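A.B. asks: Attaching a single structure in structure tokens format; questions to follow.
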There are 2 protein chains.
Amino acid sequence: MATDVSFLTKNSEDFYNAIESRRSIYGISKDSLISEERLLEVINKAVKYTPSSFNAQSSRVVVLIGQQHNKLWDITETALRRVVPAENFSETQQKMDAFRRGYGTVLFYEDENVIKGLQQKFALYADNFPVWSNQSSGMLQYVVWTSLELEGFGASLQHYNPLIDEDVRKQWNIPGNWKLIAEMPFGKPTAPAAEKDFIPLEERVKIFK
Amino acid sequence: MATDVSFLTKNSEDFYNAIESRRSIYGISKDSLISEERLLEVINKAVKYTPSSFNAQSSRVVVLIGQQHNKLWDITETALRRVVPAENFSETQQKMDAFRRGYGTVLFYEDENVIKGLQQKFALYADNFPVWSNQSSGMLQYVVWTSLELEGFGASLQHYNPLIDEDVRKQWNIPGNWKLIAEMPFGKPTAPAAEKDFIPLEERVKIFK
């Protein structure tokens with residue numbers, strides 16, 4: 001049978017380069033590299049095409065730029081001051097300052113109403129939907145991260161949830177059914193990524209044929 | 001300050017094409033499209049460069065091709081016959097036959113010893129490590145899926161775990177601390193993906209500036 005596979009992209013090397021180039025970039029600045037329209041286009045594309053089990057599309061995203069981005073890291077710093085002893089705060093302070101120096105932050109959420117709906121509809125898999133929701137959120141975090149870096153930004157993935165959830169919800173009027181999963185500050189890179197260690201692949205991958 | 005950002009790939013359009021082209025492909029055949037060496041290279045690249053929180057590198061992968069791939073779907077079919085009533089089995093049978101017609105399957109695991117080790121070392125985040133492990137596994141599933149499709153294969157993501165875990169463990173002598181997360185059958189595409197519905201992006205993405 002003749003099969004049309006022309007719908008598949010074939011430029012695999014660029015994809016592999018993108019995979020390898022994506023790193024955690026902590027040195028970031030406020031310089032704008034692309035228009036807000038382009039930024040939103042890139043993020044929309046990631047949200048639209050990243051898959052989810054049962055095509056649940058439970059992932060939600062909030063993009064904060066400019067003063068809104070600064071406000072997020074003010075909120076996070078205030079929340080951390082409540083739990084980190086003052087005498088140990090200098091390292092945390094430096095992190096907050098570094099993130100605040102960035103251009104924007106992407107907040108990743110999952111819509112718990114969607115997950116509950118699936119749990120009611122498919123009771124047999126009820127325990128699995130929150131797990132698959134996390135896996136799908138991870139996929140989206142990855143696609144946004146890689147996309148931002150392809151656009152020239154540096155980004156990293158942070159987890160100050162659930163500490164900041166309520167303050168963030170109030171500040172931007174986030175729906176009560178959106179659960180915060182991760183925060184991704186980004187900006188123009190001002191320093192390369194740190195060295196990274198790798199476990200030997202022979203310990204991680206097995207093939208049977 | 002002058003900043004060298006040349007380490008970042010800039011061919012973003014190919015990446016976005018890859019994102020958009022990656023779909024669930026159920027019609028697959030046993031035709032080999034690339035060498036086993038190339039297949040392993042592509043999967044190794046995905047495993048190596050996909051990130052994990054605390055650089056935990058907890059993801060593990062088992063690749064089954066040829067008769068080993070067939071064996072997996074025999075095992076899965078046998079396990080399903082124990083739980084699906086015989087009079088309802090024809091749809092399940094068709095699925096098993098379709099997967100078995102493929103070239104190979106990638107099994108995604110997470111190493112629970114790595115996760116437990118992090119929980120002991122960083123007790124404050126103990127509840128988070130299994131969640132982050134799922135998110136990281138999702139990232140890897142996504143990268144392998146997209147990579148396979150860029151190499152010309154069609155693939156889909158299945159979840160017959162935990163039903164098949166013990167039989168699979170015995171068959172391929174999988175370490176007891178590897179937890180099965182997902183199964184990805186793949187092969188040469190013989191039919192395009194089905195239509196897909198999308199929720200309006202305005203309901204999923206918010207921007208504040």
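The chains in the structure tokens are called A, B, ... from first to last as shown; in each chain the residues are counted from 1, and the ligands are counted from 1 in the order shown.
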Please identify every residue of chain B that has at least one atom no farther than 6 Å from an atom of chain A, counting only C-alpha atoms, and for each give the shortest atom pair and the distance in Å to one decimal, arranged by chain then increasing number, as a Markdown table.
C.D. replies:
```
| residue | atom | partner | partner_atom | distance |
| --- | --- | --- | --- | --- |
| B:Thr3 | CA | A:Thr190 | CA | 5.9 |
| B:Leu8 | CA | A:Ser21 | CA | 5.7 |
| B:Thr9 | CA | A:Leu150 | CA | 5.8 |
| B:Lys10 | CA | A:Leu150 | CA | 5.3 |
| B:Ser12 | CA | A:Leu150 | CA | 5.4 |
| B:Phe15 | CA | A:Phe15 | CA | 5.5 |
| B:Ala18 | CA | A:Thr9 | CA | 5.9 |
| B:Glu20 | CA | A:Tyr49 | CA | 5.7 |
| B:Ser21 | CA | A:Leu8 | CA | 5.8 |
| B:Tyr49 | CA | A:Glu20 | CA | 5.7 |
| B:Arg60 | CA | A:Arg204 | CA | 4.7 |
| B:Val61 | CA | A:Val205 | CA | 4.8 |
| B:Val62 | CA | A:Lys206 | CA | 4.7 |
| B:Val63 | CA | A:Ile207 | CA | 4.6 |
| B:Leu64 | CA | A:Phe208 | CA | 5.0 |
| B:Ile65 | CA | A:Lys209 | CA | 4.9 |
| B:Gly66 | CA | A:Lys209 | CA | 5.7 |
| B:Gln68 | CA | A:Lys209 | CA | 5.7 |
| B:Asn134 | CA | A:Gln135 | CA | 5.3 |
| B:Gln135 | CA | A:Gly138 | CA | 4.0 |
| B:Ser136 | CA | A:Gly138 | CA | 5.9 |
| B:Gly138 | CA | A:Gln135 | CA | 4.0 |
| B:Met139 | CA | A:Met139 | CA | 4.4 |
| B:Tyr142 | CA | A:Met139 | CA | 5.9 |
| B:Leu150 | CA | A:Lys10 | CA | 5.3 |
| B:Thr190 | CA | A:Thr3 | CA | 5.9 |
| B:Arg204 | CA | A:Arg60 | CA | 4.7 |
| B:Val205 | CA | A:Val61 | CA | 4.8 |
| B:Lys206 | CA | A:Val62 | CA | 4.7 |
| B:Ile207 | CA | A:Val63 | CA | 4.5 |
| B:Phe208 | CA | A:Leu64 | CA | 5.0 |
| B:Lys209 | CA | A:Ile65 | CA | 4.9 |
```
A.B. asks: Those residues with N, CA, C and O atoms, as a compact mmCIF listing (two decimals), in the first residue's frame please?
C.D. replies:
```
# COMPACT_ATOMS: atom_id res chain seq x y z
N THR B 3 27.50 39.67 25.12
CA THR B 3 27.12 38.32 25.54
C THR B 3 27.13 37.37 24.35
O THR B 3 26.51 37.66 23.33
N LEU B 8 23.15 28.95 21.32
CA LEU B 8 21.73 28.65 21.16
C LEU B 8 21.39 28.40 19.70
O LEU B 8 21.79 29.15 18.83
N THR B 9 20.66 27.34 19.46
CA THR B 9 20.18 27.05 18.11
C THR B 9 19.14 28.10 17.72
O THR B 9 18.39 28.56 18.55
N LYS B 10 19.09 28.44 16.45
CA LYS B 10 18.15 29.48 16.04
C LYS B 10 17.12 29.01 15.02
O LYS B 10 16.30 29.78 14.58
N SER B 12 14.25 27.91 14.75
CA SER B 12 13.05 27.65 15.55
C SER B 12 11.91 27.09 14.70
O SER B 12 11.11 26.31 15.20
N PHE B 15 11.66 23.39 14.65
CA PHE B 15 11.17 22.89 15.94
C PHE B 15 9.64 23.00 16.01
O PHE B 15 8.96 22.06 16.40
N ALA B 18 8.02 20.43 13.97
CA ALA B 18 8.08 19.12 14.63
C ALA B 18 7.00 19.01 15.70
O ALA B 18 6.36 17.96 15.84
N GLU B 20 4.17 20.53 15.74
CA GLU B 20 2.85 20.45 15.12
C GLU B 20 2.64 19.10 14.42
O GLU B 20 1.52 18.59 14.35
N SER B 21 3.72 18.50 13.92
CA SER B 21 3.61 17.24 13.18
C SER B 21 3.45 16.03 14.09
O SER B 21 2.97 14.99 13.65
N TYR B 49 19.57 14.29 27.18
CA TYR B 49 19.40 15.74 27.24
C TYR B 49 18.07 16.21 27.81
O TYR B 49 17.88 17.41 28.01
N ARG B 60 14.33 5.94 32.94
CA ARG B 60 14.94 4.75 32.35
C ARG B 60 14.10 4.34 31.15
O ARG B 60 12.88 4.57 31.13
N VAL B 61 14.73 3.72 30.18
CA VAL B 61 14.03 3.34 28.96
C VAL B 61 14.41 1.92 28.56
O VAL B 61 15.58 1.53 28.65
N VAL B 62 13.40 1.15 28.13
CA VAL B 62 13.63 -0.17 27.54
C VAL B 62 13.06 -0.14 26.12
O VAL B 62 11.90 0.22 25.93
N VAL B 63 13.89 -0.49 25.16
CA VAL B 63 13.46 -0.51 23.76
C VAL B 63 13.31 -1.96 23.33
O VAL B 63 14.26 -2.75 23.45
N LEU B 64 12.12 -2.30 22.85
CA LEU B 64 11.85 -3.66 22.37
C LEU B 64 11.61 -3.61 20.87
O LEU B 64 10.75 -2.85 20.41
N ILE B 65 12.37 -4.39 20.10
CA ILE B 65 12.10 -4.44 18.66
C ILE B 65 12.00 -5.89 18.18
O ILE B 65 12.38 -6.82 18.89
N GLY B 66 11.40 -6.06 17.01
CA GLY B 66 11.25 -7.39 16.43
C GLY B 66 10.39 -8.29 17.30
O GLY B 66 9.32 -7.90 17.75
N GLN B 68 10.76 -9.22 20.29
CA GLN B 68 10.58 -8.73 21.66
C GLN B 68 9.37 -7.78 21.73
O GLN B 68 8.62 -7.78 22.71
N ASN B 134 7.31 12.39 37.59
CA ASN B 134 6.29 12.24 36.54
C ASN B 134 6.41 13.32 35.47
O ASN B 134 6.26 13.05 34.28
N GLN B 135 6.66 14.54 35.91
CA GLN B 135 6.78 15.63 34.94
C GLN B 135 7.99 15.40 34.04
O GLN B 135 7.94 15.62 32.82
N SER B 136 9.08 14.94 34.63
CA SER B 136 10.28 14.69 33.84
C SER B 136 10.07 13.52 32.89
O SER B 136 10.52 13.55 31.73
N GLY B 138 7.26 12.72 31.57
CA GLY B 138 6.44 13.27 30.50
C GLY B 138 7.31 13.98 29.46
O GLY B 138 7.12 13.82 28.25
N MET B 139 8.27 14.76 29.95
CA MET B 139 9.18 15.44 29.02
C MET B 139 9.90 14.43 28.13
O MET B 139 10.00 14.61 26.92
N TYR B 142 7.71 12.84 25.56
CA TYR B 142 7.47 13.79 24.47
C TYR B 142 8.66 13.85 23.51
O TYR B 142 8.48 13.86 22.28
N LEU B 150 10.10 12.33 13.74
CA LEU B 150 11.05 13.01 12.84
C LEU B 150 11.88 12.00 12.04
O LEU B 150 12.31 12.30 10.93
N THR B 190 1.09 3.82 8.46
CA THR B 190 0.29 3.30 7.35
C THR B 190 -1.02 4.07 7.22
O THR B 190 -1.79 3.80 6.30
N ARG B 204 -7.07 29.12 27.70
CA ARG B 204 -5.96 28.38 28.29
C ARG B 204 -4.75 29.24 28.60
O ARG B 204 -3.91 28.85 29.40
N VAL B 205 -4.65 30.39 27.93
CA VAL B 205 -3.45 31.24 28.08
C VAL B 205 -3.86 32.66 28.45
O VAL B 205 -4.72 33.25 27.80
N LYS B 206 -3.25 33.18 29.52
CA LYS B 206 -3.48 34.57 29.93
C LYS B 206 -2.15 35.29 29.92
O LYS B 206 -1.13 34.72 30.31
N ILE B 207 -2.15 36.56 29.52
CA ILE B 207 -0.92 37.34 29.57
C ILE B 207 -1.19 38.64 30.33
O ILE B 207 -2.24 39.26 30.15
N PHE B 208 -0.26 38.99 31.23
CA PHE B 208 -0.34 40.23 32.00
C PHE B 208 0.95 41.00 31.80
O PHE B 208 2.03 40.44 31.95
N LYS B 209 0.85 42.27 31.46
CA LYS B 209 2.06 43.06 31.17
C LYS B 209 1.93 44.47 31.71
O LYS B 209 0.86 44.88 32.10
```
A.B. asks: Check the DSSP output for the backbone and give back, as a PyMOL selection string, the residues of range 8-203 of chain B in helix (DSSP H, G or I).
C.D. replies: chain B and resi 12-21+36-49+53-55+67-83+86-100+112-121+123-125+128-150+165-172+201-203
A.B. asks: Report, in Å to a single decimal, how far apart CA of Asp74 in chain B and CA of Leu39 in chain B are.
C.D. replies: 23.2 Å
A.B. asks: Mind running range 9-62 of chain B against range 98-103 of chain B at 12 Å and telling me each contacting residue's nearest atom pair with the distance in Å (one decimal), counting only C-alpha atoms, chain and number ascending, as a tab-separated table?
C.D. replies:
```
residue	atom	partner	partner_atom	distance
B:Ile25	CA	B:Phe99	CA	10.3
B:Tyr26	CA	B:Ala98	CA	7.0
B:Gly27	CA	B:Ala98	CA	6.7
B:Ile28	CA	B:Gly102	CA	5.0
B:Ser29	CA	B:Gly102	CA	4.5
B:Lys30	CA	B:Tyr103	CA	4.1
B:Asp31	CA	B:Tyr103	CA	6.6
B:Ser32	CA	B:Tyr103	CA	6.9
B:Leu33	CA	B:Tyr103	CA	9.4
B:Ile34	CA	B:Tyr103	CA	11.0
B:Ser35	CA	B:Tyr103	CA	12.0
B:Glu36	CA	B:Tyr103	CA	11.1
B:Leu39	CA	B:Tyr103	CA	11.4
```
A.B. asks: Could you save those same residues with all heavy atoms as a CSV table (one decimal), in the first residue's frame?
C.D. replies:
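File out-v3.csv, as written:
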```
chain,number,residue,atom,x,y,z
B,25,ILE,N,-0.2,8.2,16.2
B,25,ILE,CA,-0.3,7.4,14.9
B,25,ILE,C,-0.6,5.9,15.3
B,25,ILE,O,0.3,5.3,15.9
B,25,ILE,CB,0.9,7.5,14.1
B,25,ILE,CG1,1.3,9.0,13.8
B,25,ILE,CG2,0.8,6.7,12.8
B,25,ILE,CD1,0.4,9.7,12.8
B,26,TYR,N,-1.7,5.4,15.0
B,26,TYR,CA,-2.1,4.1,15.4
B,26,TYR,C,-1.9,3.1,14.3
B,26,TYR,O,-1.8,1.9,14.5
B,26,TYR,CB,-3.6,4.0,15.9
B,26,TYR,CG,-3.7,4.6,17.2
B,26,TYR,CD1,-4.0,5.9,17.5
B,26,TYR,CD2,-3.6,3.7,18.4
B,26,TYR,CE1,-4.1,6.4,18.7
B,26,TYR,CE2,-3.8,4.2,19.6
B,26,TYR,CZ,-4.0,5.6,19.8
B,26,TYR,OH,-4.1,6.1,21.1
B,27,GLY,N,-1.9,3.5,13.0
B,27,GLY,CA,-1.6,2.6,11.9
B,27,GLY,C,-0.2,2.5,11.6
B,27,GLY,O,0.4,3.5,11.1
B,28,ILE,N,0.5,1.4,12.0
B,28,ILE,CA,1.9,1.3,11.9
B,28,ILE,C,2.3,-0.1,11.4
B,28,ILE,O,1.6,-1.1,11.6
B,28,ILE,CB,2.6,1.5,13.3
B,28,ILE,CG1,2.0,0.7,14.4
B,28,ILE,CG2,2.6,3.0,13.7
B,28,ILE,CD1,2.6,0.8,15.8
B,29,SER,N,3.4,-0.2,10.7
B,29,SER,CA,3.9,-1.5,10.2
B,29,SER,C,5.3,-1.8,10.6
B,29,SER,O,6.0,-1.0,11.3
B,29,SER,CB,3.9,-1.4,8.6
B,29,SER,OG,5.0,-0.8,8.1
B,30,LYS,N,5.8,-3.0,10.3
B,30,LYS,CA,7.1,-3.5,10.8
B,30,LYS,C,8.2,-3.0,9.9
B,30,LYS,O,9.4,-3.3,10.2
B,30,LYS,CB,7.1,-5.0,10.8
B,30,LYS,CG,6.2,-5.6,11.9
B,30,LYS,CD,6.5,-7.0,12.2
B,30,LYS,CE,5.6,-7.5,13.3
B,30,LYS,NZ,5.7,-6.8,14.6
B,31,ASP,N,8.0,-2.3,8.8
B,31,ASP,CA,9.0,-1.9,8.0
B,31,ASP,C,10.1,-1.0,8.8
B,31,ASP,O,9.7,-0.1,9.5
B,31,ASP,CB,8.5,-1.0,6.8
B,31,ASP,CG,7.5,-1.8,6.0
B,31,ASP,OD1,8.0,-2.5,5.1
B,31,ASP,OD2,6.3,-1.7,6.2
B,32,SER,N,11.3,-1.4,8.6
B,32,SER,CA,12.4,-0.6,9.3
B,32,SER,C,12.7,0.6,8.5
B,32,SER,O,12.8,0.5,7.2
B,32,SER,CB,13.6,-1.5,9.4
B,32,SER,OG,14.7,-0.8,9.9
B,33,LEU,N,12.8,1.7,9.1
B,33,LEU,CA,13.1,3.0,8.4
B,33,LEU,C,14.5,3.5,8.6
B,33,LEU,O,15.1,4.2,7.8
B,33,LEU,CB,12.1,4.1,8.9
B,33,LEU,CG,10.6,3.8,8.6
B,33,LEU,CD1,9.7,4.8,9.3
B,33,LEU,CD2,10.4,3.9,7.1
B,34,ILE,N,15.1,3.1,9.8
B,34,ILE,CA,16.5,3.5,10.1
B,34,ILE,C,17.2,2.3,10.7
B,34,ILE,O,16.5,1.3,11.1
B,34,ILE,CB,16.5,4.7,11.1
B,34,ILE,CG1,15.6,4.4,12.4
B,34,ILE,CG2,15.9,6.0,10.5
B,34,ILE,CD1,15.7,5.5,13.5
B,35,SER,N,18.5,2.4,10.8
B,35,SER,CA,19.2,1.3,11.4
B,35,SER,C,19.0,1.2,12.9
B,35,SER,O,18.6,2.2,13.5
B,35,SER,CB,20.7,1.5,11.1
B,35,SER,OG,21.2,2.6,11.9
B,36,GLU,N,19.2,0.0,13.5
B,36,GLU,CA,19.1,-0.1,14.9
B,36,GLU,C,20.1,0.8,15.6
B,36,GLU,O,19.8,1.4,16.7
B,36,GLU,CB,19.4,-1.5,15.3
B,36,GLU,CG,18.3,-2.5,15.0
B,36,GLU,CD,18.7,-4.0,15.4
B,36,GLU,OE1,19.6,-4.2,16.1
B,36,GLU,OE2,18.0,-4.8,14.8
B,39,LEU,N,18.5,4.2,15.6
B,39,LEU,CA,17.4,4.3,16.6
B,39,LEU,C,17.9,4.4,18.0
B,39,LEU,O,17.4,5.3,18.8
B,39,LEU,CB,16.6,2.9,16.5
B,39,LEU,CG,15.5,2.7,17.5
B,39,LEU,CD1,14.4,3.8,17.3
B,39,LEU,CD2,14.9,1.3,17.4
```
A.B. asks: Expressed in Å to a single decimal, how great is the separation between CA of Leu163 in chain A and CA of Gly187 in chain A?
C.D. replies: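 For CA of Leu163 in chain A relative to CA of Gly187 in chain A, the distance reads 23.7 Å.
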A.B. asks: Would you please extract all strand (DSSP E) residues from range 5-128 of chain B, as assigned by DSSP on the backbone, and give them as a list in words?
C.D. replies: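 Of range 5-128 of chain B, only Ile28, Ser29, Ser59, Arg60, Val61, Val62, Val63, Leu64, Ile65, Gly104, Thr105, Val106, Leu107, Phe108, Tyr109, Glu110 and Asp111 of chain B fall in strand (DSSP E).
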A.B. asks: Just all heavy atoms for this one: save the residues we selected as a short mmCIF file (atom, residue, chain, number, x, y, z; two decimals), in the first residue's frame.
C.D. replies:
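The resulting selection.cif:
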```
data_model
loop_
_atom_site.label_atom_id
_atom_site.label_comp_id
_atom_site.auth_asym_id
_atom_site.auth_seq_id
_atom_site.Cartn_x
_atom_site.Cartn_y
_atom_site.Cartn_z
N ILE B 28 0.47 1.41 12.01
CA ILE B 28 1.93 1.28 11.92
C ILE B 28 2.30 -0.11 11.39
O ILE B 28 1.55 -1.07 11.59
CB ILE B 28 2.62 1.52 13.30
CG1 ILE B 28 1.98 0.66 14.42
CG2 ILE B 28 2.56 3.00 13.68
CD1 ILE B 28 2.64 0.78 15.79
N SER B 29 3.44 -0.19 10.71
CA SER B 29 3.90 -1.47 10.16
C SER B 29 5.31 -1.80 10.65
O SER B 29 5.97 -0.97 11.28
CB SER B 29 3.88 -1.43 8.63
OG SER B 29 5.04 -0.77 8.15
N SER B 59 14.86 8.91 34.86
CA SER B 59 14.17 8.20 33.79
C SER B 59 15.01 7.05 33.24
O SER B 59 16.22 7.16 33.11
CB SER B 59 13.82 9.15 32.64
OG SER B 59 12.92 10.14 33.09
N ARG B 60 14.33 5.94 32.94
CA ARG B 60 14.94 4.75 32.35
C ARG B 60 14.10 4.34 31.15
O ARG B 60 12.88 4.57 31.13
CB ARG B 60 14.97 3.60 33.36
CG ARG B 60 15.69 3.93 34.69
CD ARG B 60 17.19 4.00 34.53
NE ARG B 60 17.86 4.35 35.79
CZ ARG B 60 18.21 5.60 36.14
NH1 ARG B 60 17.92 6.61 35.34
NH2 ARG B 60 18.85 5.82 37.27
N VAL B 61 14.73 3.72 30.18
CA VAL B 61 14.03 3.34 28.96
C VAL B 61 14.41 1.92 28.56
O VAL B 61 15.58 1.53 28.65
CB VAL B 61 14.39 4.34 27.83
CG1 VAL B 61 14.16 3.74 26.46
CG2 VAL B 61 13.58 5.62 27.98
N VAL B 62 13.40 1.15 28.13
CA VAL B 62 13.63 -0.17 27.54
C VAL B 62 13.06 -0.14 26.12
O VAL B 62 11.90 0.22 25.93
CB VAL B 62 12.96 -1.28 28.38
CG1 VAL B 62 13.08 -2.63 27.66
CG2 VAL B 62 13.59 -1.36 29.77
N VAL B 63 13.89 -0.49 25.16
CA VAL B 63 13.46 -0.51 23.76
C VAL B 63 13.31 -1.96 23.33
O VAL B 63 14.26 -2.75 23.45
CB VAL B 63 14.50 0.19 22.85
CG1 VAL B 63 13.99 0.26 21.41
CG2 VAL B 63 14.84 1.58 23.38
N LEU B 64 12.12 -2.30 22.85
CA LEU B 64 11.85 -3.66 22.37
C LEU B 64 11.61 -3.61 20.87
O LEU B 64 10.75 -2.85 20.41
CB LEU B 64 10.60 -4.22 23.06
CG LEU B 64 10.62 -4.24 24.59
CD1 LEU B 64 9.26 -4.68 25.12
CD2 LEU B 64 11.72 -5.16 25.10
N ILE B 65 12.37 -4.39 20.10
CA ILE B 65 12.10 -4.44 18.66
C ILE B 65 12.00 -5.89 18.18
O ILE B 65 12.38 -6.82 18.89
CB ILE B 65 13.14 -3.64 17.84
CG1 ILE B 65 14.57 -4.08 18.11
CG2 ILE B 65 13.02 -2.14 18.12
CD1 ILE B 65 15.61 -3.27 17.35
N GLY B 104 8.43 -1.57 16.85
CA GLY B 104 9.02 -1.64 18.19
C GLY B 104 8.18 -0.92 19.21
O GLY B 104 7.16 -0.30 18.88
N THR B 105 8.59 -1.03 20.48
CA THR B 105 7.93 -0.30 21.57
C THR B 105 9.00 0.25 22.51
O THR B 105 9.96 -0.45 22.83
CB THR B 105 6.98 -1.22 22.38
OG1 THR B 105 6.02 -1.80 21.49
CG2 THR B 105 6.25 -0.43 23.47
N VAL B 106 8.81 1.48 22.91
CA VAL B 106 9.66 2.08 23.95
C VAL B 106 8.89 2.04 25.26
O VAL B 106 7.76 2.53 25.34
CB VAL B 106 10.05 3.54 23.61
CG1 VAL B 106 10.96 4.11 24.69
CG2 VAL B 106 10.71 3.62 22.24
N LEU B 107 9.51 1.44 26.28
CA LEU B 107 8.92 1.42 27.62
C LEU B 107 9.59 2.50 28.46
O LEU B 107 10.83 2.56 28.52
CB LEU B 107 9.13 0.06 28.30
CG LEU B 107 8.62 -1.17 27.55
CD1 LEU B 107 8.96 -2.44 28.35
CD2 LEU B 107 7.13 -1.07 27.32
N PHE B 108 8.79 3.33 29.11
CA PHE B 108 9.32 4.40 29.95
C PHE B 108 9.20 4.00 31.41
O PHE B 108 8.11 3.65 31.88
CB PHE B 108 8.55 5.70 29.70
CG PHE B 108 8.75 6.23 28.31
CD1 PHE B 108 7.89 5.86 27.29
CD2 PHE B 108 9.81 7.07 28.02
CE1 PHE B 108 8.09 6.33 25.99
CE2 PHE B 108 10.01 7.54 26.73
CZ PHE B 108 9.15 7.17 25.71
N TYR B 109 10.31 4.09 32.11
CA TYR B 109 10.37 3.76 33.53
C TYR B 109 10.92 4.96 34.31
O TYR B 109 11.60 5.82 33.75
CB TYR B 109 11.32 2.58 33.77
CG TYR B 109 10.79 1.24 33.35
CD1 TYR B 109 10.94 0.77 32.05
CD2 TYR B 109 10.13 0.42 34.26
CE1 TYR B 109 10.46 -0.47 31.66
CE2 TYR B 109 9.66 -0.83 33.89
CZ TYR B 109 9.81 -1.27 32.60
OH TYR B 109 9.34 -2.50 32.23
N GLU B 110 10.64 4.96 35.64
CA GLU B 110 11.32 5.86 36.56
C GLU B 110 11.98 5.01 37.65
O GLU B 110 11.36 4.07 38.15
CB GLU B 110 10.34 6.86 37.19
CG GLU B 110 9.87 7.95 36.23
CD GLU B 110 10.96 8.99 35.94
OE1 GLU B 110 11.42 9.65 36.88
OE2 GLU B 110 11.34 9.11 34.76
N ASP B 111 13.21 5.33 37.96
CA ASP B 111 13.98 4.59 38.97
C ASP B 111 13.58 5.09 40.36
O ASP B 111 13.96 6.18 40.77
CB ASP B 111 15.47 4.79 38.72
CG ASP B 111 16.33 3.93 39.65
OD1 ASP B 111 15.84 3.55 40.74
OD2 ASP B 111 17.48 3.64 39.29
#
```
